[in-house]
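Have a look at the structure below before the remarks.
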Amino acid sequence: MEALTIKNLRKIYEGNLVALKGINLNVEEGDFFALLGPNGAGKTTTIGIISSLVTKTSGEVKVLGIDIDEEHSLAKKQIGVVGQEINFNQFEKVGQIIRNQAGYHGLSFRQSKENAEYFMKRLDIWDRRNDKARTLSGGLKRRIMVAKALVNRPKLLILDEPTAGVDIELRRSLWDFLVETNKELGTTIILTTHYLEEAERLCRNIAIIDKGDIIENSGMQELLARLEKETFAMDLDDPLQKVPQNGDFDFKLKDPKTLIVTVKKGQPLNQVFNFLSEQGIKVLSMRNETGRLEELFISLTESNIDKTSLLDSPVGEKD
Amino acid sequence: MNSVETLNAFLTILRKEIGRFTRIWLQTLVSPAIMIALYFVTIGVIIGSRIGEMGGFSFLQWMVPGMVMMSVINNSYSNVLSSFFSVKFQKSIEELLVTPIPHYVILAGWVFGGMTRGIMVAILVAIVSLPFADLHVQNWPLTILVIFLTAMLFSIAGFLNALFAESFDDVSIVPTFILTPLSYLGGIFYSIDMLPEFWRNVSLGNPILYMVNALRHGVLGSSDLSSMNMTVSFALLMIVFFIAVLFIIALWLLNRGKGIRT
Ligand SMILES: Nc1ncnc2c1ncn2[C@@H]1O[C@H](COP(=O)(O)OP(=O)(O)O)[C@@H](O)[C@H]1O
Ligand SMILES: [Mg+2]
């Protein structure tokens, strides 16, 4: 069964801003799935629509086969969401915040207490249960968010950039926790991130979103293999009839006078030229043929400077 | 959600709401009670002794139901307004929107929270008034019913205000320019029989006038309602009518995602 099915999902915000251009996405039950993309790609919008915080413009979303429009109550029961920003009242106590979330799901007072205790212990915030949330560090606040999302024991857990602004130690322990949750409870996990390394470390499958479009959807391994390679286009002097064959590189003809070669990153290009010279093929010019995916990755690695964006208000509680 | 789950969710919101205003009790409970006590001392006792009788009662007796009503209105309204607005503002509304809670339960949770605060302040004000005014409630069921319904009406109104408010400035517009003037001109301090014909007729368009006098009827056994050719049941029906209309509007807006979904 599919944990998440998205068909032709479009979102146009007020002011005609097209955030999603009709995306399709399938996530299998039990998967650990990454939605990777730069800022502004549409990740939060997608999650917002799944968790009914954002109204979609058109398209279809199913959670474990349940349509979110037709049976929204049942669909919402299946989902736990960790939002990108802290969204609890920081003047309340940690335990209270998590118990309340269980209560909102309709759990009894006793059941809420029990579930909250279980997840607070699992996430190592049990000894902070009576502290006001605002006294906790950014990383621990993130754990409150995770405990809150899991407290009704959902089958699908969605996390929106869960490690942004979290220090490395807490990031690792959150990763471990998520892997365990996926394995032990069988919870399907979808997380958005703009770190390839995070997706690489955790996820089996990945979709890449950019400017409201899914530009790649594959297994993690296949994607990494693709990123290991580089493509060049060479303009030839004479037209070629036949694609040259060589075990070390992959040749393709775009047109008779344009030869495309794919090489492993780091492989010396001299070998390519030596081979072509032997075949009597003359190259006039050459350019890097970067696809959208490669371009995106270059921009992602350049902009991966960690920004802490945790909403922290220093003022007191007001009526 | 089945009915047990729905009830659990409602009680969770209500508990949280009561927790919120009791946590900051100095601002939410004590401060309004002190303000009203000052009204009793300054206007009621010092100035009131020069005013003499009003509607057949001492000025203080006449004033107490008005003060109770003003507290119920202000506190119910502002409790829901500030609480729901800040939930919207800090985005903790998301905590609710991701769960299967029906919208009417969200609305009811905040409304009952606001009512609890309004009624608690009303009780405090009534206690504060004891040393000043000699009061014997004539009709307890009517008194309780009027307070309950008024608290409900203004809690819903505060909720509506919160749905529309987009900034902290918006939050104070309605209370400052509509609610407070209507309260002060709703006969909390005076009998409308004292007004010239024209202003008396204008006052009849103020719904708060009917509520204040309905409570006066419950507490004192008589009020301006009689001289307005109005029955108590008409005043009650009017409050219920407003409650129904505002409730439907609020629910409709919630369902449309007004102010809570993008
Ligand atoms: N509430 C909103 N109103 C208008 N535009 C929005 C809103 N939220 C997001 N957007 C826009 O939609 C696009 C996608 O944003 P978002 O989904 O937050 O991206 P991501 O989470 O991948 O960074 C961006 O251009 C953003 O500015
Ligand atoms: Mg985002």
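Chain lettering (A, B, ...) mirrors the order of the structure tokens, residue numbering begins at 1 for each chain separately, and ligand numbering begins at 1 in order of display.
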
If you count only C-alpha atoms and all ligand atoms, which residues end up within 9 Å of ligand 2, as a ChimeraX atom specification? /A:38-45,47,83-84,160-161,192-193

If we count only C-alpha atoms, what is near segment 118-120 of chain A at a cut-off of 12 Å, once residues fewer than 6 positions away on the same chain are taken out, given as a list in words?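 Final neighbour list, sorted by chain and number: Val94, Gly95, Gln96, Ile97, Ile98, Arg99, Ala102, Gln111, Ser112, Trp126, Asp127, Arg128, Arg129, Asn130, Leu140, Lys141, Arg143, Ile144, Met145, Val146, Ala147, Lys148, Ala149, Leu150, Val151, Asn152, Arg153, Phe177 and Thr181 of chain A.
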
Export of the given selection (N, CA and C atoms) as a PDB file, in the first residue's frame:
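The resulting file, out_4.pdb, is reproduced below:
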ATOM      1  N   VAL A  94       6.540  21.501  29.181  1.00  0.00           N
ATOM      2  CA  VAL A  94       6.811  20.521  28.134  1.00  0.00           C
ATOM      3  C   VAL A  94       5.783  19.381  28.141  1.00  0.00           C
ATOM      4  N   GLY A  95       5.574  18.792  29.317  1.00  0.00           N
ATOM      5  CA  GLY A  95       4.659  17.654  29.415  1.00  0.00           C
ATOM      6  C   GLY A  95       3.240  18.037  29.017  1.00  0.00           C
ATOM      7  N   GLN A  96       2.853  19.232  29.444  1.00  0.00           N
ATOM      8  CA  GLN A  96       1.515  19.733  29.152  1.00  0.00           C
ATOM      9  C   GLN A  96       1.296  19.870  27.638  1.00  0.00           C
ATOM     10  N   ILE A  97       2.297  20.409  26.963  1.00  0.00           N
ATOM     11  CA  ILE A  97       2.190  20.633  25.518  1.00  0.00           C
ATOM     12  C   ILE A  97       1.950  19.308  24.793  1.00  0.00           C
ATOM     13  N   ILE A  98       2.693  18.293  25.209  1.00  0.00           N
ATOM     14  CA  ILE A  98       2.602  17.011  24.516  1.00  0.00           C
ATOM     15  C   ILE A  98       1.301  16.290  24.872  1.00  0.00           C
ATOM     16  N   ARG A  99       0.915  16.362  26.149  1.00  0.00           N
ATOM     17  CA  ARG A  99      -0.360  15.755  26.547  1.00  0.00           C
ATOM     18  C   ARG A  99      -1.529  16.425  25.836  1.00  0.00           C
ATOM     19  N   ALA A 102      -2.110  15.148  22.401  1.00  0.00           N
ATOM     20  CA  ALA A 102      -2.807  13.860  22.408  1.00  0.00           C
ATOM     21  C   ALA A 102      -4.299  14.086  22.638  1.00  0.00           C
ATOM     22  N   GLN A 111      -4.827   8.096  28.650  1.00  0.00           N
ATOM     23  CA  GLN A 111      -4.079   7.641  27.477  1.00  0.00           C
ATOM     24  C   GLN A 111      -3.088   8.707  27.006  1.00  0.00           C
ATOM     25  N   SER A 112      -3.528   9.958  27.084  1.00  0.00           N
ATOM     26  CA  SER A 112      -2.653  11.062  26.687  1.00  0.00           C
ATOM     27  C   SER A 112      -1.410  11.088  27.551  1.00  0.00           C
ATOM     28  N   TRP A 126      12.121  13.634  29.225  1.00  0.00           N
ATOM     29  CA  TRP A 126      11.263  13.297  30.355  1.00  0.00           C
ATOM     30  C   TRP A 126      11.622  14.121  31.597  1.00  0.00           C
ATOM     31  N   ASP A 127      12.923  14.316  31.847  1.00  0.00           N
ATOM     32  CA  ASP A 127      13.305  15.060  33.053  1.00  0.00           C
ATOM     33  C   ASP A 127      13.073  16.565  32.895  1.00  0.00           C
ATOM     34  N   ARG A 128      12.679  16.995  31.714  1.00  0.00           N
ATOM     35  CA  ARG A 128      12.353  18.408  31.532  1.00  0.00           C
ATOM     36  C   ARG A 128      10.848  18.639  31.475  1.00  0.00           C
ATOM     37  N   ARG A 129      10.070  17.604  31.789  1.00  0.00           N
ATOM     38  CA  ARG A 129       8.614  17.675  31.568  1.00  0.00           C
ATOM     39  C   ARG A 129       7.930  18.800  32.317  1.00  0.00           C
ATOM     40  N   ASN A 130       8.478  19.194  33.464  1.00  0.00           N
ATOM     41  CA  ASN A 130       7.827  20.253  34.238  1.00  0.00           C
ATOM     42  C   ASN A 130       8.427  21.631  34.011  1.00  0.00           C
ATOM     43  N   LEU A 140      16.202  20.793  21.774  1.00  0.00           N
ATOM     44  CA  LEU A 140      15.231  20.103  22.622  1.00  0.00           C
ATOM     45  C   LEU A 140      13.802  20.523  22.278  1.00  0.00           C
ATOM     46  N   LYS A 141      13.660  21.779  21.856  1.00  0.00           N
ATOM     47  CA  LYS A 141      12.329  22.209  21.414  1.00  0.00           C
ATOM     48  C   LYS A 141      11.900  21.397  20.205  1.00  0.00           C
ATOM     49  N   ARG A 143      12.676  18.402  19.707  1.00  0.00           N
ATOM     50  CA  ARG A 143      12.235  17.092  20.193  1.00  0.00           C
ATOM     51  C   ARG A 143      10.809  17.152  20.732  1.00  0.00           C
ATOM     52  N   ILE A 144      10.450  18.287  21.326  1.00  0.00           N
ATOM     53  CA  ILE A 144       9.054  18.447  21.764  1.00  0.00           C
ATOM     54  C   ILE A 144       8.150  18.330  20.537  1.00  0.00           C
ATOM     55  N   MET A 145       8.580  18.969  19.443  1.00  0.00           N
ATOM     56  CA  MET A 145       7.801  18.914  18.212  1.00  0.00           C
ATOM     57  C   MET A 145       7.628  17.469  17.737  1.00  0.00           C
ATOM     58  N   VAL A 146       8.723  16.700  17.844  1.00  0.00           N
ATOM     59  CA  VAL A 146       8.660  15.305  17.386  1.00  0.00           C
ATOM     60  C   VAL A 146       7.742  14.484  18.298  1.00  0.00           C
ATOM     61  N   ALA A 147       7.881  14.676  19.604  1.00  0.00           N
ATOM     62  CA  ALA A 147       7.036  13.936  20.544  1.00  0.00           C
ATOM     63  C   ALA A 147       5.561  14.261  20.291  1.00  0.00           C
ATOM     64  N   LYS A 148       5.299  15.529  20.041  1.00  0.00           N
ATOM     65  CA  LYS A 148       3.936  15.970  19.768  1.00  0.00           C
ATOM     66  C   LYS A 148       3.374  15.295  18.517  1.00  0.00           C
ATOM     67  N   ALA A 149       4.226  15.173  17.510  1.00  0.00           N
ATOM     68  CA  ALA A 149       3.766  14.599  16.245  1.00  0.00           C
ATOM     69  C   ALA A 149       3.488  13.102  16.386  1.00  0.00           C
ATOM     70  N   LEU A 150       4.199  12.444  17.324  1.00  0.00           N
ATOM     71  CA  LEU A 150       4.058  10.994  17.438  1.00  0.00           C
ATOM     72  C   LEU A 150       3.041  10.569  18.484  1.00  0.00           C
ATOM     73  N   VAL A 151       2.578  11.527  19.286  1.00  0.00           N
ATOM     74  CA  VAL A 151       1.845  11.169  20.500  1.00  0.00           C
ATOM     75  C   VAL A 151       0.535  10.424  20.227  1.00  0.00           C
ATOM     76  N   ASN A 152      -0.010  10.571  19.025  1.00  0.00           N
ATOM     77  CA  ASN A 152      -1.220   9.791  18.699  1.00  0.00           C
ATOM     78  C   ASN A 152      -0.864   8.545  17.888  1.00  0.00           C
ATOM     79  N   ARG A 153       0.401   8.194  17.877  1.00  0.00           N
ATOM     80  CA  ARG A 153       0.911   7.019  17.171  1.00  0.00           C
ATOM     81  C   ARG A 153       0.439   6.950  15.720  1.00  0.00           C
ATOM     82  N   PHE A 177      17.009   8.312  16.348  1.00  0.00           N
ATOM     83  CA  PHE A 177      15.641   8.100  16.816  1.00  0.00           C
ATOM     84  C   PHE A 177      14.703   7.820  15.642  1.00  0.00           C
ATOM     85  N   THR A 181      12.505   4.501  14.917  1.00  0.00           N
ATOM     86  CA  THR A 181      11.051   4.594  14.805  1.00  0.00           C
ATOM     87  C   THR A 181      10.573   3.951  13.505  1.00  0.00           C
TER      88      THR A 181
END

Please, which residues of chain B lie no more than 6 Å from chain A when the count uses only C-alpha atoms, and can they be set out as a list in words?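 Per the criterion, chain B yields Glu5, Thr6, Asn8, Ala9, Thr12, Ser82, Lys91, Ser92, Val98, Thr99, Pro100, Arg261 and Thr262 of chain B.
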
Which residue out of B:Val128, B:Ile260, B:Val4, B:Leu107 has the minimum interatomic distance to ligand 1 when only C-alpha atoms and all ligand atoms are used?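 Closest to ligand 1 of all the choices is B:Ile260.
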
Surrounding residues of Asp255 of chain A excluding itself and chain neighbours under 4 positions, 12 Å, only C-alpha atoms, as a ChimeraX atom specification: /A:233-236,238-243,259-260

For the residues selected in the previous step, produce a file with N, CA, C and O atoms as a PDB file, in the first residue's frame.
ATOM      1  N   ALA A 233      29.300  18.111 -23.797  1.00  0.00           N
ATOM      2  CA  ALA A 233      28.887  18.084 -25.200  1.00  0.00           C
ATOM      3  C   ALA A 233      30.059  18.584 -26.032  1.00  0.00           C
ATOM      4  O   ALA A 233      30.688  19.584 -25.679  1.00  0.00           O
ATOM      5  N   MET A 234      30.348  17.851 -27.137  1.00  0.00           N
ATOM      6  CA  MET A 234      31.478  18.233 -27.978  1.00  0.00           C
ATOM      7  C   MET A 234      30.994  18.500 -29.395  1.00  0.00           C
ATOM      8  O   MET A 234      30.247  17.705 -29.964  1.00  0.00           O
ATOM      9  N   ASP A 235      31.404  19.649 -29.926  1.00  0.00           N
ATOM     10  CA  ASP A 235      31.053  19.968 -31.311  1.00  0.00           C
ATOM     11  C   ASP A 235      32.126  19.387 -32.228  1.00  0.00           C
ATOM     12  O   ASP A 235      33.322  19.613 -32.014  1.00  0.00           O
ATOM     13  N   LEU A 236      31.686  18.645 -33.233  1.00  0.00           N
ATOM     14  CA  LEU A 236      32.616  17.922 -34.100  1.00  0.00           C
ATOM     15  C   LEU A 236      32.825  18.653 -35.435  1.00  0.00           C
ATOM     16  O   LEU A 236      31.965  19.393 -35.901  1.00  0.00           O
ATOM     17  N   ASP A 238      33.557  16.933 -38.448  1.00  0.00           N
ATOM     18  CA  ASP A 238      32.803  16.197 -39.466  1.00  0.00           C
ATOM     19  C   ASP A 238      31.646  15.464 -38.818  1.00  0.00           C
ATOM     20  O   ASP A 238      31.781  14.960 -37.700  1.00  0.00           O
ATOM     21  N   PRO A 239      30.541  15.354 -39.533  1.00  0.00           N
ATOM     22  CA  PRO A 239      29.411  14.605 -38.973  1.00  0.00           C
ATOM     23  C   PRO A 239      29.755  13.126 -38.784  1.00  0.00           C
ATOM     24  O   PRO A 239      30.499  12.563 -39.591  1.00  0.00           O
ATOM     25  N   LEU A 240      29.203  12.538 -37.735  1.00  0.00           N
ATOM     26  CA  LEU A 240      29.441  11.122 -37.441  1.00  0.00           C
ATOM     27  C   LEU A 240      28.206  10.314 -37.803  1.00  0.00           C
ATOM     28  O   LEU A 240      27.076  10.758 -37.591  1.00  0.00           O
ATOM     29  N   GLN A 241      28.403   9.115 -38.335  1.00  0.00           N
ATOM     30  CA  GLN A 241      27.261   8.258 -38.640  1.00  0.00           C
ATOM     31  C   GLN A 241      26.985   7.308 -37.477  1.00  0.00           C
ATOM     32  O   GLN A 241      25.843   6.975 -37.193  1.00  0.00           O
ATOM     33  N   LYS A 242      28.077   6.898 -36.809  1.00  0.00           N
ATOM     34  CA  LYS A 242      27.956   5.842 -35.809  1.00  0.00           C
ATOM     35  C   LYS A 242      28.485   6.335 -34.460  1.00  0.00           C
ATOM     36  O   LYS A 242      29.467   7.080 -34.402  1.00  0.00           O
ATOM     37  N   VAL A 243      27.851   5.920 -33.374  1.00  0.00           N
ATOM     38  CA  VAL A 243      28.301   6.292 -32.038  1.00  0.00           C
ATOM     39  C   VAL A 243      29.568   5.516 -31.714  1.00  0.00           C
ATOM     40  O   VAL A 243      29.580   4.286 -31.833  1.00  0.00           O
ATOM     41  N   LEU A 259      28.528  15.365 -30.107  1.00  0.00           N
ATOM     42  CA  LEU A 259      28.741  14.116 -29.375  1.00  0.00           C
ATOM     43  C   LEU A 259      28.653  14.401 -27.870  1.00  0.00           C
ATOM     44  O   LEU A 259      29.260  15.335 -27.372  1.00  0.00           O
ATOM     45  N   ILE A 260      27.878  13.559 -27.185  1.00  0.00           N
ATOM     46  CA  ILE A 260      27.723  13.724 -25.728  1.00  0.00           C
ATOM     47  C   ILE A 260      28.517  12.623 -25.045  1.00  0.00           C
ATOM     48  O   ILE A 260      28.381  11.450 -25.397  1.00  0.00           O
TER      49      ILE A 260
END

Considering only C-alpha atoms, return as a PDB file with C-alpha atoms, in the first residue's frame whatever protein or nucleic-acid residues lie within 12 Å of Ile34 of chain B, sequence-local ones (same chain, fewer than 6 positions apart) excluded.
ATOM      1  CA  LEU B  26      -3.092  38.977  38.175  1.00  0.00           C
ATOM      2  CA  GLN B  27      -3.772  40.392  34.705  1.00  0.00           C
ATOM      3  CA  THR B  28      -6.907  38.432  33.948  1.00  0.00           C
ATOM      4  CA  PHE B  40     -17.738  51.365  43.309  1.00  0.00           C
ATOM      5  CA  VAL B  41     -15.705  53.587  45.606  1.00  0.00           C
ATOM      6  CA  MET B  67     -20.733  46.648  36.550  1.00  0.00           C
ATOM      7  CA  SER B  71     -17.061  42.759  33.428  1.00  0.00           C
ATOM      8  CA  VAL B 121     -14.732  37.917  37.039  1.00  0.00           C
ATOM      9  CA  LEU B 124     -15.373  38.460  41.892  1.00  0.00           C
ATOM     10  CA  VAL B 125     -17.091  41.750  41.082  1.00  0.00           C
ATOM     11  CA  ALA B 126     -20.231  40.657  42.878  1.00  0.00           C
ATOM     12  CA  ILE B 127     -18.122  39.776  45.929  1.00  0.00           C
ATOM     13  CA  VAL B 128     -16.315  43.115  45.741  1.00  0.00           C
ATOM     14  CA  SER B 129     -19.688  44.900  45.634  1.00  0.00           C
TER      15      SER B 129
END

Run DSSP on the backbone of this structure and report the residues of segment 51-113 of chain A it assigns to helix (DSSP H, G or I), as a PDB file with N, CA, C and O atoms, in the first residue's frame.
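And here's out32.pdb as it stands now:
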ATOM      1  N   HIS A  72     -11.596  13.460   5.601  1.00  0.00           N
ATOM      2  CA  HIS A  72     -10.479  14.209   6.179  1.00  0.00           C
ATOM      3  C   HIS A  72     -10.189  13.832   7.623  1.00  0.00           C
ATOM      4  O   HIS A  72      -9.053  13.824   8.050  1.00  0.00           O
ATOM      5  N   SER A  73     -11.238  13.471   8.361  1.00  0.00           N
ATOM      6  CA  SER A  73     -11.015  13.120   9.761  1.00  0.00           C
ATOM      7  C   SER A  73     -10.178  11.848   9.866  1.00  0.00           C
ATOM      8  O   SER A  73      -9.201  11.784  10.620  1.00  0.00           O
ATOM      9  N   LEU A  74     -10.549  10.851   9.103  1.00  0.00           N
ATOM     10  CA  LEU A  74      -9.831   9.577   9.120  1.00  0.00           C
ATOM     11  C   LEU A  74      -8.404   9.756   8.589  1.00  0.00           C
ATOM     12  O   LEU A  74      -7.450   9.183   9.121  1.00  0.00           O
ATOM     13  N   ALA A  75      -8.263  10.569   7.553  1.00  0.00           N
ATOM     14  CA  ALA A  75      -6.941  10.792   6.973  1.00  0.00           C
ATOM     15  C   ALA A  75      -6.017  11.464   7.990  1.00  0.00           C
ATOM     16  O   ALA A  75      -4.864  11.078   8.157  1.00  0.00           O
ATOM     17  N   LYS A  76      -6.565  12.456   8.710  1.00  0.00           N
ATOM     18  CA  LYS A  76      -5.729  13.192   9.661  1.00  0.00           C
ATOM     19  C   LYS A  76      -5.253  12.319  10.806  1.00  0.00           C
ATOM     20  O   LYS A  76      -4.214  12.574  11.406  1.00  0.00           O
ATOM     21  N   LYS A  77      -6.041  11.279  11.127  1.00  0.00           N
ATOM     22  CA  LYS A  77      -5.645  10.371  12.203  1.00  0.00           C
ATOM     23  C   LYS A  77      -4.347   9.647  11.884  1.00  0.00           C
ATOM     24  O   LYS A  77      -3.645   9.200  12.783  1.00  0.00           O
ATOM     25  N   VAL A  94       6.540  21.501  29.181  1.00  0.00           N
ATOM     26  CA  VAL A  94       6.811  20.521  28.134  1.00  0.00           C
ATOM     27  C   VAL A  94       5.783  19.381  28.141  1.00  0.00           C
ATOM     28  O   VAL A  94       5.180  19.055  27.114  1.00  0.00           O
ATOM     29  N   GLY A  95       5.574  18.792  29.317  1.00  0.00           N
ATOM     30  CA  GLY A  95       4.659  17.654  29.415  1.00  0.00           C
ATOM     31  C   GLY A  95       3.240  18.037  29.017  1.00  0.00           C
ATOM     32  O   GLY A  95       2.545  17.297  28.317  1.00  0.00           O
ATOM     33  N   GLN A  96       2.853  19.232  29.444  1.00  0.00           N
ATOM     34  CA  GLN A  96       1.515  19.733  29.152  1.00  0.00           C
ATOM     35  C   GLN A  96       1.296  19.870  27.638  1.00  0.00           C
ATOM     36  O   GLN A  96       0.257  19.491  27.110  1.00  0.00           O
ATOM     37  N   ILE A  97       2.297  20.409  26.963  1.00  0.00           N
ATOM     38  CA  ILE A  97       2.190  20.633  25.518  1.00  0.00           C
ATOM     39  C   ILE A  97       1.950  19.308  24.793  1.00  0.00           C
ATOM     40  O   ILE A  97       1.085  19.204  23.929  1.00  0.00           O
ATOM     41  N   ILE A  98       2.693  18.293  25.209  1.00  0.00           N
ATOM     42  CA  ILE A  98       2.602  17.011  24.516  1.00  0.00           C
ATOM     43  C   ILE A  98       1.301  16.290  24.872  1.00  0.00           C
ATOM     44  O   ILE A  98       0.632  15.728  24.010  1.00  0.00           O
ATOM     45  N   ARG A  99       0.915  16.362  26.149  1.00  0.00           N
ATOM     46  CA  ARG A  99      -0.360  15.755  26.547  1.00  0.00           C
ATOM     47  C   ARG A  99      -1.529  16.425  25.836  1.00  0.00           C
ATOM     48  O   ARG A  99      -2.458  15.757  25.388  1.00  0.00           O
ATOM     49  N   ASN A 100      -1.480  17.753  25.739  1.00  0.00           N
ATOM     50  CA  ASN A 100      -2.565  18.453  25.056  1.00  0.00           C
ATOM     51  C   ASN A 100      -2.713  18.000  23.615  1.00  0.00           C
ATOM     52  O   ASN A 100      -3.824  17.833  23.121  1.00  0.00           O
ATOM     53  N   GLN A 101      -1.575  17.804  22.947  1.00  0.00           N
ATOM     54  CA  GLN A 101      -1.654  17.377  21.553  1.00  0.00           C
ATOM     55  C   GLN A 101      -2.380  16.040  21.456  1.00  0.00           C
ATOM     56  O   GLN A 101      -3.185  15.831  20.554  1.00  0.00           O
ATOM     57  N   ALA A 102      -2.110  15.148  22.401  1.00  0.00           N
ATOM     58  CA  ALA A 102      -2.807  13.860  22.408  1.00  0.00           C
ATOM     59  C   ALA A 102      -4.299  14.086  22.638  1.00  0.00           C
ATOM     60  O   ALA A 102      -5.148  13.448  22.009  1.00  0.00           O
ATOM     61  N   GLY A 103      -4.594  15.015  23.538  1.00  0.00           N
ATOM     62  CA  GLY A 103      -5.990  15.341  23.824  1.00  0.00           C
ATOM     63  C   GLY A 103      -6.722  15.871  22.595  1.00  0.00           C
ATOM     64  O   GLY A 103      -7.867  15.506  22.341  1.00  0.00           O
ATOM     65  N   TYR A 104      -6.049  16.706  21.832  1.00  0.00           N
ATOM     66  CA  TYR A 104      -6.679  17.246  20.612  1.00  0.00           C
ATOM     67  C   TYR A 104      -7.046  16.125  19.646  1.00  0.00           C
ATOM     68  O   TYR A 104      -7.974  16.246  18.867  1.00  0.00           O
ATOM     69  N   PHE A 109      -7.677  11.438  28.927  1.00  0.00           N
ATOM     70  CA  PHE A 109      -6.656  12.063  29.761  1.00  0.00           C
ATOM     71  C   PHE A 109      -5.566  11.051  30.137  1.00  0.00           C
ATOM     72  O   PHE A 109      -4.380  11.345  30.055  1.00  0.00           O
ATOM     73  N   ARG A 110      -6.023   9.839  30.515  1.00  0.00           N
ATOM     74  CA  ARG A 110      -5.057   8.813  30.931  1.00  0.00           C
ATOM     75  C   ARG A 110      -4.175   8.343  29.777  1.00  0.00           C
ATOM     76  O   ARG A 110      -2.957   8.226  29.904  1.00  0.00           O
ATOM     77  N   GLN A 111      -4.827   8.096  28.650  1.00  0.00           N
ATOM     78  CA  GLN A 111      -4.079   7.641  27.477  1.00  0.00           C
ATOM     79  C   GLN A 111      -3.088   8.707  27.006  1.00  0.00           C
ATOM     80  O   GLN A 111      -1.967   8.406  26.624  1.00  0.00           O
ATOM     81  N   SER A 112      -3.528   9.958  27.084  1.00  0.00           N
ATOM     82  CA  SER A 112      -2.653  11.062  26.687  1.00  0.00           C
ATOM     83  C   SER A 112      -1.410  11.088  27.551  1.00  0.00           C
ATOM     84  O   SER A 112      -0.282  11.250  27.071  1.00  0.00           O
ATOM     85  N   LYS A 113      -1.626  10.914  28.857  1.00  0.00           N
ATOM     86  CA  LYS A 113      -0.504  10.935  29.799  1.00  0.00           C
ATOM     87  C   LYS A 113       0.481   9.822  29.496  1.00  0.00           C
ATOM     88  O   LYS A 113       1.689  10.014  29.487  1.00  0.00           O
TER      89      LYS A 113
END

Contacts of Phe242 of chain B at 8 Å or less, counting only C-alpha atoms, minus same-chain residues fewer than 4 places along, as a count of residues only? 3
